[in-house]
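Text of the file query28.cif, holding mmCIF, N, CA, C and O atoms:
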```
data_target
#
loop_
_atom_site.label_atom_id
_atom_site.label_comp_id
_atom_site.auth_asym_id
_atom_site.auth_seq_id
_atom_site.Cartn_x
_atom_site.Cartn_y
_atom_site.Cartn_z
N MET A 1 0.82 -1.19 0.00
CA MET A 1 0.00 0.00 0.00
C MET A 1 0.86 1.26 0.00
O MET A 1 0.60 2.18 -0.75
N ALA A 2 1.90 1.26 0.82
CA ALA A 2 2.78 2.43 0.88
C ALA A 2 3.45 2.66 -0.45
O ALA A 2 3.66 3.79 -0.87
N SER A 3 3.79 1.58 -1.15
CA SER A 3 4.46 1.75 -2.44
C SER A 3 3.52 2.35 -3.47
O SER A 3 3.94 3.13 -4.31
N SER A 4 2.24 2.02 -3.43
CA SER A 4 1.30 2.61 -4.39
C SER A 4 1.08 4.10 -4.10
O SER A 4 0.94 4.90 -5.02
N VAL A 5 1.06 4.47 -2.82
CA VAL A 5 0.95 5.89 -2.47
C VAL A 5 2.17 6.64 -2.95
O VAL A 5 2.08 7.74 -3.52
N LEU A 6 3.35 6.05 -2.75
CA LEU A 6 4.59 6.67 -3.19
C LEU A 6 4.61 6.82 -4.71
O LEU A 6 4.99 7.87 -5.23
N LYS A 7 4.16 5.80 -5.43
CA LYS A 7 4.11 5.87 -6.89
C LYS A 7 3.16 6.97 -7.36
O LYS A 7 3.46 7.71 -8.29
N ASN A 8 2.01 7.08 -6.69
CA ASN A 8 1.06 8.13 -7.06
C ASN A 8 1.64 9.52 -6.79
O ASN A 8 1.42 10.44 -7.58
N LEU A 9 2.35 9.66 -5.67
CA LEU A 9 2.98 10.95 -5.37
C LEU A 9 4.02 11.32 -6.42
O LEU A 9 4.09 12.45 -6.87
N ILE A 10 4.83 10.34 -6.80
CA ILE A 10 5.86 10.59 -7.81
C ILE A 10 5.20 10.93 -9.14
O ILE A 10 5.60 11.89 -9.82
N ARG A 11 4.18 10.18 -9.53
CA ARG A 11 3.48 10.43 -10.79
C ARG A 11 2.85 11.83 -10.77
O ARG A 11 2.92 12.56 -11.75
N PHE A 12 2.23 12.21 -9.65
CA PHE A 12 1.60 13.53 -9.54
C PHE A 12 2.63 14.65 -9.63
O PHE A 12 2.44 15.64 -10.31
N SER A 13 3.76 14.48 -8.93
CA SER A 13 4.79 15.54 -8.95
C SER A 13 5.40 15.69 -10.34
O SER A 13 5.68 16.80 -10.77
N LEU A 14 5.58 14.57 -11.06
CA LEU A 14 6.12 14.66 -12.42
C LEU A 14 5.12 15.33 -13.36
O LEU A 14 5.49 16.16 -14.18
N SER A 15 3.85 14.99 -13.23
CA SER A 15 2.85 15.59 -14.13
C SER A 15 2.67 17.07 -13.84
O SER A 15 2.49 17.88 -14.74
N SER A 16 2.71 17.49 -12.56
CA SER A 16 2.57 18.91 -12.24
C SER A 16 3.79 19.70 -12.68
O SER A 16 3.68 20.84 -13.11
N THR A 17 4.98 19.09 -12.58
CA THR A 17 6.20 19.75 -13.05
C THR A 17 6.14 19.97 -14.55
O THR A 17 6.47 21.03 -15.05
N THR A 18 5.68 18.98 -15.29
CA THR A 18 5.57 19.09 -16.74
C THR A 18 4.53 20.14 -17.11
O THR A 18 4.74 20.95 -18.00
N ALA A 19 3.41 20.18 -16.38
CA ALA A 19 2.37 21.17 -16.66
C ALA A 19 2.89 22.58 -16.38
O ALA A 19 2.62 23.51 -17.13
N THR A 20 3.66 22.74 -15.30
CA THR A 20 4.21 24.05 -14.96
C THR A 20 5.20 24.49 -16.02
O THR A 20 5.20 25.64 -16.45
N ALA A 21 6.04 23.57 -16.48
CA ALA A 21 7.03 23.91 -17.50
C ALA A 21 6.34 24.28 -18.80
O ALA A 21 6.73 25.22 -19.48
N THR A 22 5.27 23.59 -19.15
CA THR A 22 4.53 23.90 -20.37
C THR A 22 3.86 25.27 -20.25
O THR A 22 3.90 26.08 -21.17
N ALA A 23 3.25 25.55 -19.10
CA ALA A 23 2.59 26.84 -18.90
C ALA A 23 3.60 27.97 -18.95
O ALA A 23 3.34 29.03 -19.51
N THR A 24 4.78 27.76 -18.36
CA THR A 24 5.82 28.79 -18.38
C THR A 24 6.30 29.03 -19.80
O THR A 24 6.51 30.16 -20.20
N ALA A 25 6.46 27.97 -20.57
CA ALA A 25 6.95 28.10 -21.93
C ALA A 25 5.95 28.86 -22.80
O ALA A 25 6.32 29.63 -23.67
N THR A 26 4.66 28.66 -22.56
CA THR A 26 3.67 29.33 -23.40
C THR A 26 3.47 30.79 -22.99
O THR A 26 3.05 31.59 -23.80
N THR A 27 3.77 31.15 -21.74
CA THR A 27 3.59 32.53 -21.32
C THR A 27 4.85 33.36 -21.45
O THR A 27 4.82 34.55 -21.23
N THR A 28 5.97 32.76 -21.80
CA THR A 28 7.21 33.50 -21.98
C THR A 28 7.10 34.35 -23.23
O THR A 28 6.68 33.88 -24.29
N ARG A 29 7.46 35.62 -23.13
CA ARG A 29 7.35 36.55 -24.26
C ARG A 29 8.72 36.81 -24.86
O ARG A 29 9.71 36.82 -24.16
N ASN A 30 8.72 37.07 -26.12
CA ASN A 30 9.95 37.38 -26.83
C ASN A 30 10.00 38.89 -27.05
O ASN A 30 9.21 39.43 -27.81
N PHE A 31 10.94 39.55 -26.38
CA PHE A 31 11.07 40.99 -26.49
C PHE A 31 12.17 41.40 -27.46
O PHE A 31 12.59 42.54 -27.49
N SER A 32 12.64 40.49 -28.28
CA SER A 32 13.75 40.81 -29.18
C SER A 32 13.34 41.83 -30.24
O SER A 32 14.18 42.54 -30.76
N LEU A 33 12.06 41.94 -30.56
CA LEU A 33 11.62 42.91 -31.55
C LEU A 33 11.36 44.29 -30.95
O LEU A 33 11.27 45.27 -31.66
N VAL A 34 11.25 44.37 -29.63
CA VAL A 34 10.92 45.64 -28.98
C VAL A 34 12.13 46.56 -28.91
O VAL A 34 12.02 47.75 -29.15
N ALA A 35 13.29 46.03 -28.61
CA ALA A 35 14.50 46.85 -28.43
C ALA A 35 14.83 47.69 -29.66
O ALA A 35 15.09 48.89 -29.52
N PRO A 36 14.81 47.14 -30.88
CA PRO A 36 15.10 48.00 -32.04
C PRO A 36 14.06 49.11 -32.21
O PRO A 36 14.41 50.23 -32.60
N GLN A 37 12.80 48.83 -31.91
CA GLN A 37 11.77 49.85 -32.04
C GLN A 37 12.01 50.98 -31.06
O GLN A 37 11.86 52.15 -31.41
N ILE A 38 12.39 50.65 -29.84
CA ILE A 38 12.68 51.68 -28.84
C ILE A 38 13.90 52.49 -29.27
O ILE A 38 13.91 53.70 -29.20
N GLY A 39 14.93 51.80 -29.75
CA GLY A 39 16.13 52.48 -30.21
C GLY A 39 15.85 53.43 -31.37
O GLY A 39 16.34 54.55 -31.41
N ASN A 40 15.02 52.97 -32.32
CA ASN A 40 14.67 53.83 -33.47
C ASN A 40 13.85 55.03 -33.03
O ASN A 40 14.05 56.13 -33.53
N HIS A 41 12.93 54.83 -32.10
CA HIS A 41 12.11 55.93 -31.61
C HIS A 41 12.98 56.98 -30.91
O HIS A 41 12.82 58.17 -31.14
N THR A 42 13.90 56.51 -30.08
CA THR A 42 14.79 57.43 -29.36
C THR A 42 15.69 58.18 -30.35
O THR A 42 15.87 59.39 -30.22
N ALA A 43 16.22 57.48 -31.33
CA ALA A 43 17.08 58.13 -32.32
C ALA A 43 16.30 59.17 -33.11
O ALA A 43 16.79 60.26 -33.38
N LYS A 44 15.05 58.86 -33.46
CA LYS A 44 14.21 59.81 -34.19
C LYS A 44 13.96 61.06 -33.35
O LYS A 44 14.00 62.18 -33.84
N TRP A 45 13.71 60.86 -32.05
CA TRP A 45 13.45 61.99 -31.14
C TRP A 45 14.69 62.87 -31.01
O TRP A 45 14.61 64.09 -30.98
N MET A 46 15.87 62.26 -30.95
CA MET A 46 17.10 63.00 -30.71
C MET A 46 17.63 63.70 -31.97
O MET A 46 18.48 64.56 -31.87
N GLN A 47 17.15 63.33 -33.16
CA GLN A 47 17.64 63.95 -34.39
C GLN A 47 17.25 65.42 -34.49
O GLN A 47 18.05 66.25 -34.90
N ASP A 48 16.04 65.75 -34.11
CA ASP A 48 15.55 67.11 -34.24
C ASP A 48 15.93 67.89 -32.97
O ASP A 48 15.27 67.82 -31.95
N THR A 49 17.02 68.64 -33.05
CA THR A 49 17.51 69.37 -31.88
C THR A 49 16.76 70.67 -31.65
O THR A 49 16.98 71.33 -30.64
N SER A 50 15.88 71.06 -32.60
CA SER A 50 15.11 72.28 -32.39
C SER A 50 14.00 72.07 -31.37
O SER A 50 13.54 73.02 -30.76
N LYS A 51 13.56 70.84 -31.19
CA LYS A 51 12.52 70.56 -30.20
C LYS A 51 13.15 70.38 -28.84
O LYS A 51 14.23 69.80 -28.70
N LYS A 52 12.47 70.86 -27.83
CA LYS A 52 12.97 70.73 -26.46
C LYS A 52 12.43 69.44 -25.85
O LYS A 52 11.32 69.01 -26.15
N SER A 53 13.23 68.85 -24.99
CA SER A 53 12.79 67.64 -24.29
C SER A 53 11.73 68.01 -23.26
O SER A 53 11.62 69.18 -22.86
N PRO A 54 10.94 67.05 -22.80
CA PRO A 54 9.94 67.35 -21.77
C PRO A 54 10.53 67.96 -20.51
O PRO A 54 9.95 68.86 -19.91
N MET A 55 11.69 67.51 -20.11
CA MET A 55 12.32 68.07 -18.90
C MET A 55 12.77 69.51 -19.12
O MET A 55 12.71 70.33 -18.22
N GLU A 56 13.24 69.82 -20.33
CA GLU A 56 13.61 71.21 -20.62
C GLU A 56 12.38 72.11 -20.58
O GLU A 56 12.44 73.24 -20.07
N LEU A 57 11.27 71.61 -21.09
CA LEU A 57 10.03 72.41 -21.08
C LEU A 57 9.53 72.64 -19.66
O LEU A 57 9.12 73.74 -19.31
N ILE A 58 9.57 71.61 -18.82
CA ILE A 58 9.07 71.77 -17.44
C ILE A 58 10.01 72.65 -16.63
O ILE A 58 9.58 73.35 -15.71
N ASN A 59 11.31 72.66 -16.94
CA ASN A 59 12.25 73.51 -16.22
C ASN A 59 12.08 74.98 -16.57
O ASN A 59 12.56 75.84 -15.83
N GLU A 60 11.42 75.28 -17.68
CA GLU A 60 11.14 76.67 -18.03
C GLU A 60 10.04 77.28 -17.17
O GLU A 60 9.92 78.49 -17.08
N VAL A 61 9.22 76.44 -16.55
CA VAL A 61 8.15 76.93 -15.67
C VAL A 61 8.79 77.38 -14.37
O VAL A 61 9.50 76.61 -13.72
N PRO A 62 8.59 78.63 -13.97
CA PRO A 62 9.20 79.10 -12.71
C PRO A 62 8.57 78.38 -11.51
O PRO A 62 7.43 77.90 -11.59
N PRO A 63 9.31 78.30 -10.40
CA PRO A 63 8.74 77.67 -9.21
C PRO A 63 7.45 78.36 -8.78
O PRO A 63 7.34 79.59 -8.81
N ILE A 64 6.48 77.58 -8.40
CA ILE A 64 5.17 78.09 -7.99
C ILE A 64 5.22 78.47 -6.52
O ILE A 64 5.61 77.65 -5.68
N LYS A 65 4.85 79.71 -6.21
CA LYS A 65 4.89 80.18 -4.82
C LYS A 65 3.61 79.77 -4.11
O LYS A 65 2.51 79.97 -4.63
N VAL A 66 3.78 79.23 -2.91
CA VAL A 66 2.66 78.73 -2.11
C VAL A 66 2.78 79.33 -0.72
O VAL A 66 3.88 79.42 -0.16
N GLU A 67 1.66 79.73 -0.12
CA GLU A 67 1.68 80.34 1.20
C GLU A 67 1.87 79.33 2.32
O GLU A 67 2.50 79.61 3.32
N GLY A 68 1.33 78.14 2.19
CA GLY A 68 1.40 77.15 3.27
C GLY A 68 2.70 76.37 3.27
O GLY A 68 3.60 76.59 2.46
N ARG A 69 2.79 75.44 4.21
CA ARG A 69 3.98 74.59 4.32
C ARG A 69 3.88 73.34 3.47
O ARG A 69 4.88 72.71 3.17
N ILE A 70 2.65 72.94 3.10
CA ILE A 70 2.45 71.73 2.33
C ILE A 70 1.59 72.06 1.11
O ILE A 70 0.61 72.80 1.20
N VAL A 71 1.96 71.50 -0.03
CA VAL A 71 1.21 71.69 -1.26
C VAL A 71 0.79 70.32 -1.79
O VAL A 71 1.49 69.33 -1.60
N ALA A 72 -0.37 70.27 -2.42
CA ALA A 72 -0.86 69.04 -3.06
C ALA A 72 -0.79 69.24 -4.57
O ALA A 72 -1.53 70.04 -5.13
N CYS A 73 0.11 68.53 -5.21
CA CYS A 73 0.29 68.64 -6.66
C CYS A 73 -0.52 67.54 -7.34
O CYS A 73 -0.40 66.37 -6.99
N GLU A 74 -1.34 67.95 -8.32
CA GLU A 74 -2.12 66.99 -9.11
C GLU A 74 -1.68 66.97 -10.57
O GLU A 74 -2.21 66.19 -11.35
N GLY A 75 -0.74 67.82 -10.93
CA GLY A 75 -0.22 67.86 -12.29
C GLY A 75 -1.04 68.70 -13.25
O GLY A 75 -0.50 69.34 -14.12
N ASP A 76 -2.36 68.69 -13.10
CA ASP A 76 -3.23 69.48 -13.97
C ASP A 76 -4.56 69.67 -13.27
O ASP A 76 -4.91 68.90 -12.37
N ASN A 77 -5.28 70.71 -13.65
CA ASN A 77 -6.59 70.94 -13.05
C ASN A 77 -7.60 69.88 -13.46
O ASN A 77 -8.54 69.58 -12.74
N ASN A 78 -7.42 69.30 -14.63
CA ASN A 78 -8.28 68.24 -15.12
C ASN A 78 -7.76 66.90 -14.61
O ASN A 78 -6.64 66.50 -14.95
N PRO A 79 -8.53 66.17 -13.79
CA PRO A 79 -8.04 64.90 -13.23
C PRO A 79 -7.66 63.87 -14.29
O PRO A 79 -6.80 63.02 -14.07
N ALA A 80 -8.28 63.94 -15.47
CA ALA A 80 -7.96 62.98 -16.53
C ALA A 80 -6.57 63.21 -17.10
O ALA A 80 -5.96 62.31 -17.66
N LEU A 81 -6.05 64.43 -16.96
CA LEU A 81 -4.74 64.75 -17.52
C LEU A 81 -3.64 64.81 -16.46
O LEU A 81 -2.47 64.96 -16.80
N GLY A 82 -4.00 64.71 -15.20
CA GLY A 82 -3.04 64.88 -14.13
C GLY A 82 -2.39 63.56 -13.72
O GLY A 82 -2.23 62.64 -14.51
N HIS A 83 -2.01 63.51 -12.46
CA HIS A 83 -1.38 62.32 -11.88
C HIS A 83 -1.91 62.16 -10.46
O HIS A 83 -2.66 63.00 -9.97
N PRO A 84 -1.55 61.07 -9.77
CA PRO A 84 -1.99 60.92 -8.38
C PRO A 84 -1.54 62.10 -7.53
O PRO A 84 -0.49 62.70 -7.78
N ILE A 85 -2.34 62.46 -6.54
CA ILE A 85 -2.01 63.60 -5.69
C ILE A 85 -0.71 63.33 -4.93
O ILE A 85 -0.54 62.28 -4.32
N GLU A 86 0.20 64.28 -5.01
CA GLU A 86 1.48 64.19 -4.30
C GLU A 86 1.53 65.36 -3.32
O GLU A 86 1.47 66.51 -3.70
N TYR A 87 1.60 65.01 -2.03
CA TYR A 87 1.72 66.05 -1.00
C TYR A 87 3.19 66.35 -0.78
O TYR A 87 3.99 65.45 -0.50
N ILE A 88 3.55 67.62 -0.94
CA ILE A 88 4.96 68.02 -0.90
C ILE A 88 5.17 68.99 0.25
O ILE A 88 4.47 70.00 0.36
N CYS A 89 6.16 68.70 1.09
CA CYS A 89 6.51 69.57 2.22
C CYS A 89 7.49 70.63 1.74
O CYS A 89 8.48 70.34 1.05
N LEU A 90 7.25 71.88 2.11
CA LEU A 90 8.05 73.01 1.64
C LEU A 90 8.92 73.62 2.73
O LEU A 90 9.20 74.81 2.71
N ASP A 91 9.37 72.82 3.68
CA ASP A 91 10.17 73.34 4.79
C ASP A 91 11.58 73.74 4.37
O ASP A 91 12.21 74.56 5.03
N LEU A 92 12.11 73.19 3.31
CA LEU A 92 13.47 73.51 2.89
C LEU A 92 13.50 74.81 2.09
O LEU A 92 12.49 75.25 1.54
N ALA A 93 14.66 75.42 2.03
CA ALA A 93 14.80 76.71 1.34
C ALA A 93 14.71 76.56 -0.18
O ALA A 93 14.16 77.43 -0.86
N GLU A 94 15.26 75.48 -0.72
CA GLU A 94 15.24 75.30 -2.17
C GLU A 94 13.87 74.77 -2.62
O GLU A 94 13.14 74.19 -1.84
N PRO A 95 13.52 74.99 -3.88
CA PRO A 95 12.22 74.53 -4.37
C PRO A 95 12.08 73.00 -4.27
O PRO A 95 13.02 72.26 -4.53
N ALA A 96 10.89 72.55 -3.88
CA ALA A 96 10.59 71.12 -3.82
C ALA A 96 10.00 70.71 -5.17
O ALA A 96 9.23 71.45 -5.78
N VAL A 97 10.37 69.53 -5.64
CA VAL A 97 9.97 69.06 -6.97
C VAL A 97 8.98 67.91 -6.85
O VAL A 97 9.18 66.99 -6.07
N CYS A 98 7.91 67.97 -7.64
CA CYS A 98 6.94 66.88 -7.70
C CYS A 98 7.58 65.71 -8.43
O CYS A 98 8.14 65.88 -9.52
N LYS A 99 7.49 64.54 -7.85
CA LYS A 99 8.15 63.37 -8.45
C LYS A 99 7.42 62.86 -9.69
O LYS A 99 7.98 62.10 -10.47
N TYR A 100 6.18 63.28 -9.90
CA TYR A 100 5.43 62.83 -11.08
C TYR A 100 5.61 63.75 -12.28
O TYR A 100 5.89 63.30 -13.37
N CYS A 101 5.42 65.05 -12.08
CA CYS A 101 5.41 65.96 -13.23
C CYS A 101 6.60 66.91 -13.28
O CYS A 101 6.83 67.55 -14.30
N GLY A 102 7.36 67.02 -12.20
CA GLY A 102 8.54 67.87 -12.21
C GLY A 102 8.28 69.32 -11.87
O GLY A 102 9.22 70.13 -11.89
N LEU A 103 7.02 69.69 -11.60
CA LEU A 103 6.75 71.07 -11.20
C LEU A 103 7.46 71.37 -9.89
O LEU A 103 7.58 70.52 -9.02
N ARG A 104 7.94 72.62 -9.77
CA ARG A 104 8.67 73.03 -8.57
C ARG A 104 7.80 73.97 -7.74
O ARG A 104 7.11 74.83 -8.28
N TYR A 105 7.87 73.80 -6.44
CA TYR A 105 7.11 74.63 -5.50
C TYR A 105 8.05 75.22 -4.47
O TYR A 105 9.01 74.55 -4.05
N VAL A 106 7.77 76.45 -4.04
CA VAL A 106 8.56 77.11 -3.01
C VAL A 106 7.59 77.84 -2.09
O VAL A 106 6.55 78.35 -2.53
N GLN A 107 7.94 77.89 -0.80
CA GLN A 107 7.09 78.57 0.18
C GLN A 107 7.28 80.07 0.06
O GLN A 107 8.41 80.56 0.04
N ASP A 108 6.18 80.81 -0.03
CA ASP A 108 6.22 82.26 -0.13
C ASP A 108 6.14 82.83 1.28
O ASP A 108 5.09 82.79 1.92
N HIS A 109 7.26 83.36 1.78
CA HIS A 109 7.33 83.91 3.12
C HIS A 109 6.91 85.38 3.09
O HIS A 109 7.45 86.18 2.33
N HIS A 110 5.95 85.75 3.93
CA HIS A 110 5.51 87.14 4.03
C HIS A 110 6.10 87.76 5.28
O HIS A 110 5.55 87.68 6.36
N HIS A 111 7.27 88.36 5.16
CA HIS A 111 7.90 89.00 6.33
C HIS A 111 7.87 90.47 6.18
O HIS A 111 8.03 91.14 5.31
#
```
Translate the structure described by the file into structure tokens.
Amino acid sequence: MASSVLKNLIRFSLSSTTATATATATTTRNFSLVAPQIGNHTAKWMQDTSKKSPMELINEVPPIKVEGRIVACEGDNNPALGHPIEYICLDLAEPAVCKYCGLRYVQDHHH
């Protein structure tokens, strides 16, 4: 009896291992075609030096002055175009940067 239980366990473990290997093989994706497309897209973007990069455009926006110590950045007034709300503390002297959109905020001191 013990030998038949052992045989069934071995048979079950072999069949589940084979099923797992087959499932893994069918879900594995081939990304070899993606890399050239990304490289071509980046090269196309970098050819035209008259256009500014997104970071250059966002750096042209002056730091936004805020009266309080904490600001909630949403990226845009329209929620469909913005990003998740990021609460930013303005205790430091230098402008604080939103990690999603790059907008800079500074505390406006009224002395």
message = Between atom N of Asp91 in chain A and atom O of Asn78 in chain A, what is the distance in Å, rounded to a tenth?
response = 25.4 Å
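Distances here use only N, CA, C and O atoms; by that measure, the residue among A:Val61, A:Val66, A:Ala80, A:Ala43 closest to Gln107 in chain A is A:Val66.
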request  = Between A:Cys101, A:Leu57, A:Val106, A:Ala96, single out the one closest to Pro84 in chain A, counting only N, CA, C and O atoms.
outcome  =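 Answer, going by the shortest atom-to-atom distance: A:Cys101.
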inquiry  = With only N, CA, C and O atoms as the counted atoms, please give the residues lying no more than 7 Å from Ile58 in chain A, apart from itself and same-chain residues fewer than 6 positions off, as a count of residues only.
reply    = 4
inquiry  = Need to verify the contact set: range 68-71 of chain A, 5 Å, all atoms listed in the file, exclusion of same-chain residues closer than 6 positions in sequence. Can you return it as a PyMOL selection string?
reply    = chain A and resi 86-91+107
Around range 43-60 of chain A, fit a box with edges along x, y and z, padding it by 5 Å on each side, then list its centre and edge lengths in Å to one decimal as AutoDock Vina command-line options.
```
--center_x 13.8 --center_y 68.0 --center_z -25.3 --size_x 19.4 --size_y 31.0 --size_z 29.2
```
request  = Would you work out the distance separating atom O of Gly82 in chain A from CA of His109 in chain A, expressed in Å to one decimal?
outcome  = 29.2 Å
key: Shell of 10 Å around Ile85 in chain A, only C-alpha atoms, local chain residues under 6 positions omitted, as a ChimeraX atom specification   = /A:71-75,79,98,100
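Relative to atom O of Asn77 in chain A, atom O of Lys52 in chain A is found at 24.0 Å.
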